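K.L.:
Quick one: this structure, given as structure tokens, is what I'll be asking you about.
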Amino acid sequence: MSDHLLNDLSLFAPETAITLTLVAAILADLIFRRTPLVVAALVLAGFVVTGLLLLGQTGVNASIFTGMIAVDSFAVFFKTIVVLAGILVVVFSMESGELNSPGRKLGEYYALLCAAALGMMLMAGASNLLMMYIAIELSSLSSYLLSGYTREAPDSSEASLKYLIYGAVSSGLMLYGISLMYGLSGSLDLRAINRALPQVLSGGGAASFTLLIAGVLALAGFGYKISAVPFHFWTPDVYEGAPITITAFLSVASKAGGFAMMIRFFKVTFIDAGAVALPAGTWATLQGFHWVDLVAILAVLSMTIGNLVAVWQNNLKRLLAYSSIAHAGYMLTGVVVLSNQGLAAIMVYFGVYLFMNLGAFYCVMLIADKTGSEDIDEYKGIGGRSPFLAVALAVFLVSLTGLPPTAGFIGKLYLFAALINSGWTWLAIVAALNSVIALYYYVRVFRNMFLRTEEPSSPGITLSWLQNAALVVLLVPTLLLGLYFTPLVQLAQASVRLFGTP
Amino acid sequence: MEIPLSYYLCLSVVLFVVGVAGVLTRRNAIVVFMCIELMLNSVNLTLIAFSSFLGSITGQALVFFAMAVAAAEAAVGLAIVIAIYRNKRTVDIDKINILKW
């Protein structure tokens with residue numbers, strides 16, 4: 001028994017490391033009150049150590065703490081995304097003028113960032129409904145506080161209140177779905193529910209209707225985390241009001257955790273384990289519960305509404321918020337196809353999304369720190385004043401659109417290939433049309449940056465060497481993965497294995 | 001006489017709907033939080049009823065966690081409401097509207 005527990009604890013090492021970092025950040029904040037950089041460096045080191053510990057878990061396929069958490073290559077992949085986003089966001093935070101204003105204490109900020117990252121890492125591994133609920137709440141509660149961290153700014157506190165109300169309601173809905181699922185199957189463990197469901201569904205119409213309601217309610221919780229339409233209302237407000245570093249973190253890490261949890265939930269719980277005569281690497285839904293149609297509707301709505309509303313935005317942060325809703329839609333299409341190819345495509349997409357989205361937000365942050373505005377009209381002539389920053393932002397936006405030779409193209413290519421291979425051609429066409437809309441609103445930014453000239457008084461934006469280095473670190477993968485993508489694709493294909501599934 | 005499971009479930013559905021309706025219609029942020037608590041507590045009632053009916057304790061374990069999380073959520077929520085009150089001198093949701101569309 002104790003051997004068992006020790007082994008489980010050793011597999012829990014990355015989460016333990018991030019928890020210790022959290023505690024150390026709080027203590028360091030007490031000692032080094034005047035120099036927030038010490039805490040930042042400590043947290044950065046903690047994230048790096050967590051990342052190294054995650055590297056040591058490649059190829060593990062186990063379930064720890066009596067089935068509460070799965071440690072499999074799927075979870076490790078998404079945890080790595082969360083940790084990489086954490087590292088980059090800590091670097092951004094050290095540079096952010098918005099956060100480092102005089103008189104602001106940043107110790108708690110970094111501690112909460114660790115707590116949010118811990119929650120997201122637990123989300124990626126949770127294989128029990130109880131654990132899922134706790135993980136979602138841990139990451140949410142920390143995110144509410146982080147999005148309102150610049151609390152003297154009215155829009156920041158408003159963002160956190162809206163985030164809190166939407167979050168609390170959707171987690172309440174999800175908990176109700178969990179309670180119904182527990183009532184139907186008598187268990188909170190995903191695999192046990194999966195084993196119990198065929199018998200429940202054979203019980204007749206009432207049972208399968210209840211299961212449908214439970215599934216829709218649970219989907220509300222996941223949809224809120226990944227900001228899919230119609231659970232997206234918080235996204236633009238929170239993304240606009242929160243400090244840019246937190247917006248960047250939420251847009252990548254929170255989404256990664258949410259997607260990992262949602263995929264595990266649907267793939268482990270609602271898959272017909274006894275289905276025969278399927279091609280390798282594909283699965284079938286349970287008889288009597290067709291959740292795939294629900295997810296397909298969410299995907300189409302998210303892509304279309306996200307992209308169409310983004311066209312009207314003048315604030316670049318808000319525009320990127322709608323674009324992140326649209327990206328959630330693209331990635332949801334990978335869930336619909338019910339195959340390992342689709343899962344691998346989602347993971348490739350996340351691998352490139354990490355760099356291009358964080359990069360775009362970083363450029364917005366650098367420009368906003370100097371000009372004090374995120375308005376697209378204020379971007380006039382930036383291409384002439386600070387060419388490197390403008391070109392970097394242009395590359396990130398081209399990549400978000402999904403044009404070659406950037407990494408975004410590879411992400412979309414694999415998703416569309418997975419869709420067409422499994423016969424969802426109409427969904428691929430909708431997604432491709434949406435990319436065209438996306439091009440339209442990104443081009444507006446290019447036009448302002450490079451083709452419009454501004455009043456001659458505006459000064460250029462000079463970057464420190466650290467800011468230049470951070471930009472290069474984000475730019476290189478965005479371009480390189482567009483040309484040499486085999487390693488990422490192989491990594492994703494090797495990481496589709498979930499614990500407890502064939 | 002034993003009360004059947006369906007009575008508990010109906011009561012919790014009613015409480016849950018009251019909570020959701022309150023969140024949608026009430027304008028005071030504090031009252032909205034109270035309605036959210038009502039939603040969570042109706043879920044707790046469902047879980048305890050199922051747990052007792054099925055004779056398994058996992059549901060009750062989840063209730064303990066849900067109560068702890070609800071308490072944390074209330075603490076965070078009230079802190080955020082205070083922050084907003086200091087900025088705007090109101091907790092009326094209709095007047096908290098800088099960010100839209």
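In the structure tokens, the first chain shown is A, the next is B, and so on; residue numbers restart at 1 for each chain, and ligands run from 1 in the order shown.
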What lies within 9 Å of Leu9 (chain B) using only C-alpha atoms, ignoring chain neighbours under 3 positions off, as a ChimeraX atom specification?
P.N.:
/B:5-6,12-14,45-46,49-50
K.L.:
Store the residues picked out above in a file with N, CA, C and O atoms, as a compact mmCIF listing (two decimals), in the first residue's frame.
P.N.:
# COMPACT_ATOMS: atom_id res chain seq x y z
N LEU B 5 -37.11 8.63 -3.68
CA LEU B 5 -36.01 9.41 -4.26
C LEU B 5 -36.53 10.56 -5.11
O LEU B 5 -35.97 11.66 -5.09
N SER B 6 -37.61 10.31 -5.85
CA SER B 6 -38.07 11.31 -6.81
C SER B 6 -38.46 12.62 -6.11
O SER B 6 -38.31 13.69 -6.68
N SER B 12 -34.83 19.36 -5.64
CA SER B 12 -33.55 19.94 -6.05
C SER B 12 -33.66 20.59 -7.43
O SER B 12 -33.04 21.63 -7.67
N VAL B 13 -34.47 20.01 -8.33
CA VAL B 13 -34.66 20.66 -9.63
C VAL B 13 -35.31 22.02 -9.43
O VAL B 13 -34.89 23.02 -10.02
N VAL B 14 -36.33 22.08 -8.55
CA VAL B 14 -37.00 23.35 -8.31
C VAL B 14 -36.01 24.37 -7.76
O VAL B 14 -35.92 25.51 -8.24
N LEU B 45 -27.99 18.57 -2.69
CA LEU B 45 -29.16 17.78 -2.30
C LEU B 45 -29.31 16.57 -3.23
O LEU B 45 -29.52 15.43 -2.77
N THR B 46 -29.17 16.81 -4.55
CA THR B 46 -29.24 15.69 -5.50
C THR B 46 -28.20 14.63 -5.17
O THR B 46 -28.50 13.43 -5.14
N ALA B 49 -29.04 12.68 -2.05
CA ALA B 49 -30.17 11.78 -2.28
C ALA B 49 -29.71 10.55 -3.05
O ALA B 49 -30.00 9.41 -2.67
N PHE B 50 -28.94 10.77 -4.13
CA PHE B 50 -28.44 9.63 -4.93
C PHE B 50 -27.54 8.75 -4.07
O PHE B 50 -27.61 7.53 -4.14
K.L.:
Select all residues from chain A having any atom no more than 6 Å from an atom of chain B (counting only C-alpha atoms, ignoring ligands), output as number ranges by chain.
P.N.:
A: 157, 172, 176, 179, 183, 237
K.L.:
One decimal, Å: what's the distance from CA of Met356 (chain A) over to CA of Lys317 (chain A), could you say?
P.N.:
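Computed distance, CA of Met356 (chain A) to CA of Lys317 (chain A), equals 14.3 Å.
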K.L.:
For Arg104 (chain A), which of A:Gly334, A:Pro236, A:Gly482, A:Pro36 is the closest residue, counting only C-alpha atoms?
P.N.:
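Nearest candidate to Arg104 (chain A) out of A:Gly334, A:Pro236, A:Gly482, A:Pro36: A:Pro36.
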K.L.:
From the list A:Gln467, A:Thr150, A:Ser227, A:Asn194, which residue is nearest Met94 (chain A) when using only C-alpha atoms?
P.N.:
A:Gln467
K.L.:
For Tyr379 (chain A), which residue among A:Tyr109, A:Phe499, A:Phe450, A:Phe249 is the nearest when counting only C-alpha atoms?
P.N.:
A:Phe450
K.L.:
Between CA of Arg151 (chain A) and CA of Arg33 (chain A), what is the spacing in Å?
P.N.:
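One can read the CA of Arg33 (chain A) to CA of Arg151 (chain A) distance as 19.3 Å.
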K.L.:
List the spatial neighbours of region 276-287 of chain A as a PyMOL selection string - criterion: any atom at most 6 Å away, only C-alpha atoms, same-chain residues fewer than 2 positions off excluded.
P.N.:
chain A and resi 270-272+289+338-340
K.L.:
Got time to write the residues from that selection, all heavy atoms, as a PDB file, in the first residue's frame?
P.N.:
ATOM      1  N   PHE A 270     -17.927   8.265 -23.015  1.00  0.00           N
ATOM      2  CA  PHE A 270     -19.031   8.072 -23.954  1.00  0.00           C
ATOM      3  C   PHE A 270     -18.622   7.325 -25.212  1.00  0.00           C
ATOM      4  O   PHE A 270     -19.144   7.576 -26.288  1.00  0.00           O
ATOM      5  CB  PHE A 270     -19.654   9.425 -24.321  1.00  0.00           C
ATOM      6  CG  PHE A 270     -20.310  10.078 -23.154  1.00  0.00           C
ATOM      7  CD1 PHE A 270     -20.059  11.396 -22.849  1.00  0.00           C
ATOM      8  CD2 PHE A 270     -21.172   9.359 -22.348  1.00  0.00           C
ATOM      9  CE1 PHE A 270     -20.667  11.986 -21.763  1.00  0.00           C
ATOM     10  CE2 PHE A 270     -21.780   9.944 -21.262  1.00  0.00           C
ATOM     11  CZ  PHE A 270     -21.525  11.264 -20.973  1.00  0.00           C
ATOM     12  N   ILE A 271     -17.661   6.421 -25.064  1.00  0.00           N
ATOM     13  CA  ILE A 271     -17.227   5.644 -26.216  1.00  0.00           C
ATOM     14  C   ILE A 271     -17.694   4.215 -26.019  1.00  0.00           C
ATOM     15  O   ILE A 271     -17.667   3.676 -24.917  1.00  0.00           O
ATOM     16  CB  ILE A 271     -15.697   5.715 -26.327  1.00  0.00           C
ATOM     17  CG1 ILE A 271     -15.280   7.098 -26.748  1.00  0.00           C
ATOM     18  CG2 ILE A 271     -15.173   4.686 -27.312  1.00  0.00           C
ATOM     19  CD1 ILE A 271     -15.868   7.543 -28.048  1.00  0.00           C
ATOM     20  N   ASP A 272     -18.153   3.622 -27.108  1.00  0.00           N
ATOM     21  CA  ASP A 272     -18.596   2.237 -27.045  1.00  0.00           C
ATOM     22  C   ASP A 272     -17.368   1.335 -27.026  1.00  0.00           C
ATOM     23  O   ASP A 272     -16.740   1.105 -28.051  1.00  0.00           O
ATOM     24  CB  ASP A 272     -19.478   1.930 -28.269  1.00  0.00           C
ATOM     25  CG  ASP A 272     -20.138   0.584 -28.125  1.00  0.00           C
ATOM     26  OD1 ASP A 272     -19.838  -0.122 -27.145  1.00  0.00           O
ATOM     27  OD2 ASP A 272     -20.959   0.250 -28.991  1.00  0.00           O
ATOM     28  N   PHE A 289     -26.592   7.768 -27.441  1.00  0.00           N
ATOM     29  CA  PHE A 289     -26.180   9.099 -26.987  1.00  0.00           C
ATOM     30  C   PHE A 289     -25.223   9.702 -28.010  1.00  0.00           C
ATOM     31  O   PHE A 289     -24.040   9.415 -28.018  1.00  0.00           O
ATOM     32  CB  PHE A 289     -25.534   9.025 -25.603  1.00  0.00           C
ATOM     33  CG  PHE A 289     -25.131  10.375 -25.076  1.00  0.00           C
ATOM     34  CD1 PHE A 289     -25.988  11.453 -25.199  1.00  0.00           C
ATOM     35  CD2 PHE A 289     -23.911  10.572 -24.474  1.00  0.00           C
ATOM     36  CE1 PHE A 289     -25.637  12.701 -24.728  1.00  0.00           C
ATOM     37  CE2 PHE A 289     -23.548  11.826 -24.001  1.00  0.00           C
ATOM     38  CZ  PHE A 289     -24.415  12.879 -24.127  1.00  0.00           C
ATOM     39  N   LEU A 338     -13.704  11.657 -34.055  1.00  0.00           N
ATOM     40  CA  LEU A 338     -13.636  10.376 -33.345  1.00  0.00           C
ATOM     41  C   LEU A 338     -12.496   9.498 -33.815  1.00  0.00           C
ATOM     42  O   LEU A 338     -12.680   8.314 -34.070  1.00  0.00           O
ATOM     43  CB  LEU A 338     -14.935   9.583 -33.538  1.00  0.00           C
ATOM     44  CG  LEU A 338     -16.220  10.121 -32.948  1.00  0.00           C
ATOM     45  CD1 LEU A 338     -17.341   9.179 -33.289  1.00  0.00           C
ATOM     46  CD2 LEU A 338     -16.101  10.273 -31.464  1.00  0.00           C
ATOM     47  N   SER A 339     -11.337  10.090 -33.988  1.00  0.00           N
ATOM     48  CA  SER A 339     -10.216   9.225 -34.357  1.00  0.00           C
ATOM     49  C   SER A 339      -8.939   9.784 -33.759  1.00  0.00           C
ATOM     50  O   SER A 339      -8.879  10.952 -33.390  1.00  0.00           O
ATOM     51  CB  SER A 339     -10.076   9.137 -35.878  1.00  0.00           C
ATOM     52  OG  SER A 339      -9.600  10.360 -36.366  1.00  0.00           O
ATOM     53  N   ASN A 340      -7.938   8.920 -33.656  1.00  0.00           N
ATOM     54  CA  ASN A 340      -6.651   9.366 -33.140  1.00  0.00           C
ATOM     55  C   ASN A 340      -6.051  10.429 -34.031  1.00  0.00           C
ATOM     56  O   ASN A 340      -5.327  11.299 -33.567  1.00  0.00           O
ATOM     57  CB  ASN A 340      -5.698   8.181 -33.033  1.00  0.00           C
ATOM     58  CG  ASN A 340      -6.046   7.313 -31.843  1.00  0.00           C
ATOM     59  OD1 ASN A 340      -6.784   7.748 -30.963  1.00  0.00           O
ATOM     60  ND2 ASN A 340      -5.540   6.103 -31.829  1.00  0.00           N
TER      61      ASN A 340
END
K.L.:
Would you please give, as a ChimeraX atom specification, all residues of region 33-222 of chain A that DSSP assigns to helix (DSSP H, G or I) based on the backbone?
P.N.:
/A:36-55,73-95,107-125,129-147,154-185,190-202,205-222
K.L.:
Just write the chosen residues, C-alpha atoms, as a compact mmCIF listing (two decimals), in the first residue's frame.
P.N.:
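Generated file (selection_2.txt):
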# COMPACT_ATOMS: atom_id res chain seq x y z
CA PRO A 36 9.44 41.70 -7.30
CA LEU A 37 12.03 40.40 -9.76
CA VAL A 38 13.28 37.93 -7.13
CA VAL A 39 9.85 36.31 -6.90
CA ALA A 40 9.54 36.33 -10.69
CA ALA A 41 12.90 34.61 -11.09
CA LEU A 42 11.96 32.04 -8.46
CA VAL A 43 8.66 31.24 -10.17
CA LEU A 44 10.39 31.09 -13.54
CA ALA A 45 12.85 28.57 -12.11
CA GLY A 46 9.94 26.62 -10.61
CA PHE A 47 8.19 26.42 -13.97
CA VAL A 48 11.42 25.29 -15.67
CA VAL A 49 11.93 22.54 -13.06
CA THR A 50 8.31 21.45 -13.55
CA GLY A 51 8.93 21.29 -17.28
CA LEU A 52 12.04 19.16 -16.79
CA LEU A 53 10.13 16.79 -14.51
CA LEU A 54 7.44 16.51 -17.19
CA LEU A 55 10.08 15.55 -19.75
CA SER A 73 1.37 10.80 -22.72
CA PHE A 74 -1.82 12.73 -23.58
CA ALA A 75 -1.87 14.48 -20.20
CA VAL A 76 1.88 15.09 -20.33
CA PHE A 77 1.56 16.80 -23.72
CA PHE A 78 -1.07 19.25 -22.48
CA LYS A 79 0.76 19.81 -19.18
CA THR A 80 3.84 20.72 -21.21
CA ILE A 81 1.78 23.29 -23.14
CA VAL A 82 0.57 24.77 -19.82
CA VAL A 83 4.10 24.91 -18.40
CA LEU A 84 5.59 26.47 -21.56
CA ALA A 85 2.82 29.08 -21.52
CA GLY A 86 3.60 29.66 -17.83
CA ILE A 87 7.30 30.22 -18.51
CA LEU A 88 6.61 32.67 -21.33
CA VAL A 89 3.95 34.54 -19.34
CA VAL A 90 6.31 34.97 -16.37
CA VAL A 91 8.85 36.49 -18.77
CA PHE A 92 6.13 38.77 -20.21
CA SER A 93 5.10 39.79 -16.70
CA MET A 94 8.65 40.81 -15.82
CA GLU A 95 8.56 43.17 -18.79
CA GLY A 107 4.25 38.43 -5.09
CA GLU A 108 0.64 37.25 -4.98
CA TYR A 109 0.36 37.63 -8.73
CA TYR A 110 3.09 35.07 -9.32
CA ALA A 111 1.73 32.78 -6.60
CA LEU A 112 -1.72 32.86 -8.20
CA LEU A 113 -0.17 32.20 -11.59
CA CYS A 114 1.33 29.00 -10.13
CA ALA A 115 -2.05 28.06 -8.63
CA ALA A 116 -3.79 28.56 -11.97
CA ALA A 117 -1.13 26.50 -13.75
CA LEU A 118 -1.50 23.74 -11.13
CA GLY A 119 -5.25 23.68 -11.71
CA MET A 120 -4.78 23.45 -15.47
CA MET A 121 -2.23 20.64 -15.12
CA LEU A 122 -4.66 18.72 -12.91
CA MET A 123 -7.39 19.32 -15.50
CA ALA A 124 -5.21 17.66 -18.12
CA GLY A 125 -4.86 14.51 -16.00
CA LEU A 129 -15.47 13.68 -12.01
CA LEU A 130 -14.61 14.81 -8.46
CA MET A 131 -11.02 15.59 -9.50
CA MET A 132 -12.26 17.35 -12.64
CA TYR A 133 -14.51 19.62 -10.59
CA ILE A 134 -11.74 20.50 -8.12
CA ALA A 135 -9.22 21.12 -10.92
CA ILE A 136 -11.61 23.33 -12.88
CA GLU A 137 -12.39 25.35 -9.74
CA LEU A 138 -8.74 25.69 -8.73
CA SER A 139 -7.81 27.13 -12.10
CA SER A 140 -10.95 29.27 -12.26
CA LEU A 141 -10.67 30.83 -8.81
CA SER A 142 -7.05 31.81 -9.46
CA SER A 143 -7.97 33.16 -12.89
CA TYR A 144 -10.77 35.34 -11.46
CA LEU A 145 -8.32 37.01 -9.11
CA LEU A 146 -5.61 37.33 -11.75
CA SER A 147 -7.93 38.94 -14.29
CA PRO A 154 -12.32 49.90 -13.60
CA ASP A 155 -12.25 47.60 -16.63
CA SER A 156 -10.05 45.07 -14.84
CA SER A 157 -12.34 44.71 -11.83
CA GLU A 158 -15.34 44.59 -14.13
CA ALA A 159 -13.69 41.82 -16.12
CA SER A 160 -13.09 39.76 -13.01
CA LEU A 161 -16.69 40.19 -11.79
CA LYS A 162 -18.08 39.08 -15.15
CA TYR A 163 -15.63 36.18 -15.28
CA LEU A 164 -16.65 35.13 -11.78
CA ILE A 165 -20.40 35.20 -12.44
CA TYR A 166 -20.18 33.30 -15.73
CA GLY A 167 -17.68 30.87 -14.24
CA ALA A 168 -19.70 30.18 -11.12
CA VAL A 169 -22.90 29.61 -13.09
CA SER A 170 -21.29 27.29 -15.62
CA SER A 171 -19.49 25.29 -12.94
CA GLY A 172 -22.85 25.03 -11.12
CA LEU A 173 -24.42 23.69 -14.32
CA MET A 174 -21.54 21.27 -14.78
CA LEU A 175 -21.84 20.06 -11.18
CA TYR A 176 -25.53 19.39 -11.74
CA GLY A 177 -24.60 17.35 -14.82
CA ILE A 178 -22.05 15.46 -12.72
CA SER A 179 -24.66 14.70 -10.06
CA LEU A 180 -27.07 13.32 -12.68
CA MET A 181 -24.31 11.19 -14.16
CA TYR A 182 -23.48 9.90 -10.69
CA GLY A 183 -27.13 9.06 -10.13
CA LEU A 184 -27.32 7.16 -13.41
CA SER A 185 -24.12 5.17 -13.09
CA LEU A 190 -14.83 7.87 -15.83
CA ARG A 191 -14.05 4.25 -16.72
CA ALA A 192 -16.56 2.90 -14.23
CA ILE A 193 -19.21 5.19 -15.70
CA ASN A 194 -18.31 3.94 -19.16
CA ARG A 195 -18.78 0.35 -18.01
CA ALA A 196 -22.11 1.15 -16.37
CA LEU A 197 -23.61 3.19 -19.20
CA PRO A 198 -24.61 0.47 -21.73
CA GLN A 199 -26.84 -1.11 -19.13
CA VAL A 200 -28.27 2.29 -18.13
CA LEU A 201 -29.04 3.16 -21.73
CA SER A 202 -30.73 -0.16 -22.34
CA GLY A 205 -36.00 6.56 -23.18
CA ALA A 206 -36.04 8.24 -19.76
CA ALA A 207 -32.51 7.14 -18.92
CA SER A 208 -31.04 8.20 -22.24
CA PHE A 209 -32.86 11.54 -22.01
CA THR A 210 -31.39 12.14 -18.54
CA LEU A 211 -27.97 11.23 -19.88
CA LEU A 212 -28.43 13.72 -22.71
CA ILE A 213 -29.26 16.46 -20.19
CA ALA A 214 -26.28 15.49 -18.03
CA GLY A 215 -24.02 15.57 -21.09
CA VAL A 216 -25.27 19.00 -22.18
CA LEU A 217 -24.79 20.39 -18.65
CA ALA A 218 -21.26 18.98 -18.48
CA LEU A 219 -20.60 20.46 -21.90
CA ALA A 220 -21.53 23.87 -20.44
CA GLY A 221 -18.62 23.57 -18.02
CA PHE A 222 -16.16 22.51 -20.72
K.L.:
Would you pick out the contacts of region 437-448 of chain A at 9 Å or less, using only C-alpha atoms, so that residues sharing its chain but fewer than 3 positions from it are not included, and give the list as a ChimeraX atom specification?
P.N.:
/A:304,307-308,310-313,316,319,323,326,376-383,390,393-394,397-398,400-403,433-434,451-453
K.L.:
Need the shell around Trp424 (chain A): protein/DNA/RNA residues with any atom at most 10 Å away, counting only C-alpha atoms. Skip same-chain ones fewer than 4 positions apart. Format as an MDAnalysis selection string?
P.N.:
chainID A and resid 296 333 336:337 416:420 428:429
K.L.:
Could you tell me how far CA of Ala470 (chain A) sits from CA of Arg34 (chain A), in Å to one decimal place?
P.N.:
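Answer for the CA of Arg34 (chain A) to CA of Ala470 (chain A) separation: 25.1 Å.
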K.L.:
Quick one: everything within 10 Å of Met347 (chain A), counting only C-alpha atoms, minus sequence neighbours fewer than 2 positions away in the same chain. Send it as a list of chain:residue names.
P.N.:
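Selected residues are A:Phe74, A:Phe77, A:Phe78, A:Ile81, A:Ala256, A:Phe259, A:Ala260, A:Met331, A:Gly334, A:Gln341, A:Gly342, A:Leu343, A:Ala344, A:Ala345, A:Tyr349, A:Phe350, A:Gly351, A:Val352, A:Tyr353, A:Gly411, A:Tyr414, A:Leu415, A:Leu488, A:Val489, A:Leu491, A:Ala492, A:Gln493, A:Ser495, A:Val496.
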K.L.:
Between A:Gly257, A:Gly500, A:Leu332, A:Leu106, which is the closest to Val292 (chain A) once you count only C-alpha atoms?
P.N.:
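Going through A:Gly257, A:Gly500, A:Leu332, A:Leu106 one by one, the smallest distance to Val292 (chain A) is for A:Leu332.
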